[in-house]
Amino acid sequence: MTKFSIIVPVYNVEKEIRECLDSIKNQTYNDFEVLCVDDCGKDSSMDIVREFAAEDSRFKILTHEHNSGVSAARNTGLDAAAGDIIMFVDSDDWIEPNALEILVDKLNKTQCEVIMFNLYNVNADGTKKLQDEDKEGDRTVKIIDDALSGFIGVCWNRIYRKSLIDRLKPRFPVGLIVEDSQFTFEVCSQIDSIFVIDEPLYDYRREREGSYTTADNVQERIVDELVVLRNMYIYARDNGYDKNFRKFFLNLIGKTARKIVSITHRRRYIITQIHDLLIEMDFPAAFKEFEAKRLTLWMGK
């Protein structure tokens, strides 16, 4: 069986994708497949991908009938993955030359089903900065209510045992801007611990022109965050552990609510969604009364 299944969504990245695929091809550990998902872009990205596929059978192409977005592309990759380790790499980013070798070694030495690693933030001028500069050493971190929020976020700064993905069947929500959080919550909320390593293995290209990060609209992000937050709560409730992560959900609602001060468009709608979500989650009456007063002030009543 192929060790790694590396999922790479491809959409309008002709300037960056060669560096991405080269970084995978030239790994010191070579037991992998690369699932390049053609999401029907309009540039020459797929011509470059086809070059790699023609020269190296480890590079495989999966094609959408029409543009469906990064979530759908990742889901397509998950459905086709044949390896026993899942990894996501965005097509405008790249990984360090020994990333896979280090990850296999750590995976073989630990019973954890998810390994999370450090990364470099790469600026437009090529300068790099560590995401997490605090050196705590390799460690196993128990997932409890207080710690969960530290593991909910992007999907590509970690690897997952395929057996875990097959068991939980997490998927990315199609059509939303903030798609990673739901996937990582569905995974991390159902495992006991994560193994964390300090070494940076991923290079994240910040502020690429036309990327999802720079093109996002603030209001759209907040609306999507609320959709994802509700999806996460329903997932936890349906699996019987929503009460285990009450503080986690409350903190997320608070962070989303604080963003309202920076917007005017759809403000009333967003406030109503937050209010309804609090009621649905059945938070204590005292909190709901406090929140109702705050929301009333925000709405200008």
# chains A, B, ... in the order shown; residues from 1 in each chain; ligands from 1
$ select_by_dssp --residues "segment 20-217 of chain A" --states "strand (DSSP E or B)" --output "ChimeraX atom specification"
/A:32-38,59-63,85-88,94-95,114-122,128-130,139-142,158-161,193-205
$ write_last_selection --atoms "N, CA and C atoms" --output "short mmCIF file (atom, residue, chain, number, x, y, z; two decimals), in the first residue's frame"
data_model
loop_
_atom_site.label_atom_id
_atom_site.label_comp_id
_atom_site.auth_asym_id
_atom_site.auth_seq_id
_atom_site.Cartn_x
_atom_site.Cartn_y
_atom_site.Cartn_z
N PHE A 32 4.73 7.51 -1.89
CA PHE A 32 3.54 8.37 -1.84
C PHE A 32 2.83 8.37 -3.19
N GLU A 33 1.58 8.82 -3.14
CA GLU A 33 0.83 9.17 -4.34
C GLU A 33 0.37 10.62 -4.17
N VAL A 34 0.33 11.35 -5.28
CA VAL A 34 -0.13 12.73 -5.25
C VAL A 34 -1.42 12.81 -6.06
N LEU A 35 -2.50 13.15 -5.40
CA LEU A 35 -3.80 13.23 -6.05
C LEU A 35 -4.07 14.70 -6.39
N CYS A 36 -3.83 15.06 -7.64
CA CYS A 36 -4.03 16.43 -8.11
C CYS A 36 -5.45 16.55 -8.64
N VAL A 37 -6.26 17.35 -7.98
CA VAL A 37 -7.67 17.45 -8.34
C VAL A 37 -7.88 18.68 -9.21
N ASP A 38 -8.21 18.45 -10.48
CA ASP A 38 -8.45 19.52 -11.45
C ASP A 38 -9.82 20.12 -11.18
N PHE A 59 2.09 10.68 -9.55
CA PHE A 59 1.23 11.85 -9.71
C PHE A 59 0.00 11.47 -10.52
N LYS A 60 -1.17 11.62 -9.91
CA LYS A 60 -2.42 11.20 -10.54
C LYS A 60 -3.37 12.38 -10.65
N ILE A 61 -4.18 12.38 -11.68
CA ILE A 61 -5.09 13.49 -11.94
C ILE A 61 -6.54 13.04 -11.75
N LEU A 62 -7.27 13.78 -10.94
CA LEU A 62 -8.70 13.59 -10.76
C LEU A 62 -9.38 14.85 -11.28
N THR A 63 -10.41 14.71 -12.09
CA THR A 63 -10.98 15.85 -12.79
C THR A 63 -12.44 16.07 -12.43
N ILE A 85 -1.78 7.12 5.03
CA ILE A 85 -1.58 8.42 5.66
C ILE A 85 -2.14 9.49 4.72
N ILE A 86 -2.98 10.37 5.24
CA ILE A 86 -3.56 11.44 4.45
C ILE A 86 -2.84 12.75 4.76
N MET A 87 -2.51 13.49 3.70
CA MET A 87 -1.90 14.80 3.86
C MET A 87 -2.49 15.74 2.81
N PHE A 88 -2.73 16.99 3.21
CA PHE A 88 -3.22 18.01 2.29
C PHE A 88 -2.11 19.03 2.04
N TRP A 94 4.22 24.78 -0.43
CA TRP A 94 5.14 23.67 -0.66
C TRP A 94 5.57 23.10 0.69
N ILE A 95 6.25 21.95 0.65
CA ILE A 95 6.70 21.31 1.89
C ILE A 95 8.22 21.19 1.89
N VAL A 114 -3.23 11.54 14.68
CA VAL A 114 -3.01 12.82 14.00
C VAL A 114 -1.70 13.41 14.50
N ILE A 115 -0.87 13.86 13.56
CA ILE A 115 0.37 14.56 13.93
C ILE A 115 0.30 15.97 13.36
N MET A 116 0.54 16.93 14.21
CA MET A 116 0.49 18.34 13.83
C MET A 116 1.90 18.91 13.86
N PHE A 117 2.24 19.73 12.88
CA PHE A 117 3.61 20.24 12.80
C PHE A 117 3.63 21.75 12.59
N ASN A 118 4.77 22.33 12.84
CA ASN A 118 4.97 23.77 12.69
C ASN A 118 5.08 24.12 11.20
N LEU A 119 5.08 25.41 10.89
CA LEU A 119 5.15 25.84 9.49
C LEU A 119 5.83 27.18 9.39
N TYR A 120 6.23 27.50 8.17
CA TYR A 120 6.75 28.82 7.86
C TYR A 120 5.65 29.64 7.17
N ASN A 121 5.46 30.87 7.61
CA ASN A 121 4.68 31.84 6.85
C ASN A 121 5.64 32.54 5.89
N VAL A 122 5.35 32.46 4.59
CA VAL A 122 6.24 33.02 3.57
C VAL A 122 5.61 34.28 3.00
N LYS A 128 10.74 34.33 5.42
CA LYS A 128 9.98 33.34 6.16
C LYS A 128 9.95 33.70 7.65
N LYS A 129 8.84 33.30 8.27
CA LYS A 129 8.72 33.48 9.72
C LYS A 129 8.01 32.26 10.28
N LEU A 130 8.55 31.73 11.37
CA LEU A 130 7.92 30.58 12.00
C LEU A 130 6.53 30.95 12.52
N ARG A 139 5.68 16.46 21.60
CA ARG A 139 4.84 16.15 22.75
C ARG A 139 3.49 15.61 22.32
N THR A 140 2.90 14.83 23.19
CA THR A 140 1.53 14.37 23.00
C THR A 140 0.62 15.27 23.83
N VAL A 141 -0.40 15.83 23.19
CA VAL A 141 -1.30 16.77 23.86
C VAL A 141 -2.69 16.15 23.94
N LYS A 142 -3.21 16.04 25.17
CA LYS A 142 -4.55 15.53 25.38
C LYS A 142 -5.57 16.56 24.90
N ARG A 158 -0.97 19.20 9.33
CA ARG A 158 -1.04 17.93 10.06
C ARG A 158 -1.24 16.78 9.09
N ILE A 159 -1.00 15.57 9.56
CA ILE A 159 -1.31 14.37 8.78
C ILE A 159 -2.28 13.52 9.59
N TYR A 160 -2.98 12.63 8.89
CA TYR A 160 -4.03 11.83 9.51
C TYR A 160 -3.86 10.37 9.08
N ARG A 161 -4.02 9.47 10.02
CA ARG A 161 -4.06 8.06 9.64
C ARG A 161 -5.34 7.83 8.83
N SER A 193 -5.94 12.44 21.73
CA SER A 193 -4.74 13.26 21.77
C SER A 193 -4.18 13.48 20.37
N ILE A 194 -3.30 14.46 20.29
CA ILE A 194 -2.57 14.77 19.05
C ILE A 194 -1.09 14.84 19.39
N PHE A 195 -0.27 14.36 18.48
CA PHE A 195 1.18 14.48 18.65
C PHE A 195 1.63 15.74 17.91
N VAL A 196 2.34 16.61 18.62
CA VAL A 196 2.76 17.90 18.08
C VAL A 196 4.28 17.96 18.00
N ILE A 197 4.79 18.40 16.85
CA ILE A 197 6.23 18.57 16.71
C ILE A 197 6.54 20.03 16.36
N ASP A 198 7.66 20.52 16.88
CA ASP A 198 8.04 21.92 16.69
C ASP A 198 8.59 22.21 15.30
N GLU A 199 9.16 21.21 14.67
CA GLU A 199 9.88 21.45 13.42
C GLU A 199 8.93 21.92 12.32
N PRO A 200 9.28 23.00 11.59
CA PRO A 200 8.44 23.49 10.50
C PRO A 200 8.62 22.63 9.25
N LEU A 201 7.54 22.07 8.75
CA LEU A 201 7.61 21.17 7.60
C LEU A 201 6.82 21.69 6.40
N TYR A 202 6.08 22.77 6.60
CA TYR A 202 5.18 23.29 5.56
C TYR A 202 5.48 24.76 5.33
N ASP A 203 5.44 25.19 4.06
CA ASP A 203 5.67 26.59 3.71
C ASP A 203 4.38 27.17 3.16
N TYR A 204 3.80 28.07 3.94
CA TYR A 204 2.50 28.66 3.60
C TYR A 204 2.71 30.02 2.95
N ARG A 205 2.31 30.13 1.71
CA ARG A 205 2.49 31.37 0.96
C ARG A 205 1.35 32.34 1.32
#
$ residues_around --residues "Asp92 of chain A" --least-positions-apart "5" --cutoff "7 Å" --atoms "only C-alpha atoms" --output "ChimeraX atom specification"
/A:13,16-17,20,205
$ closest_residue --among "A:Asp145, A:Asp224, A:Glu101, A:Asp132" --to "Leu176 of chain A" --atoms "only C-alpha atoms"
A:Asp224
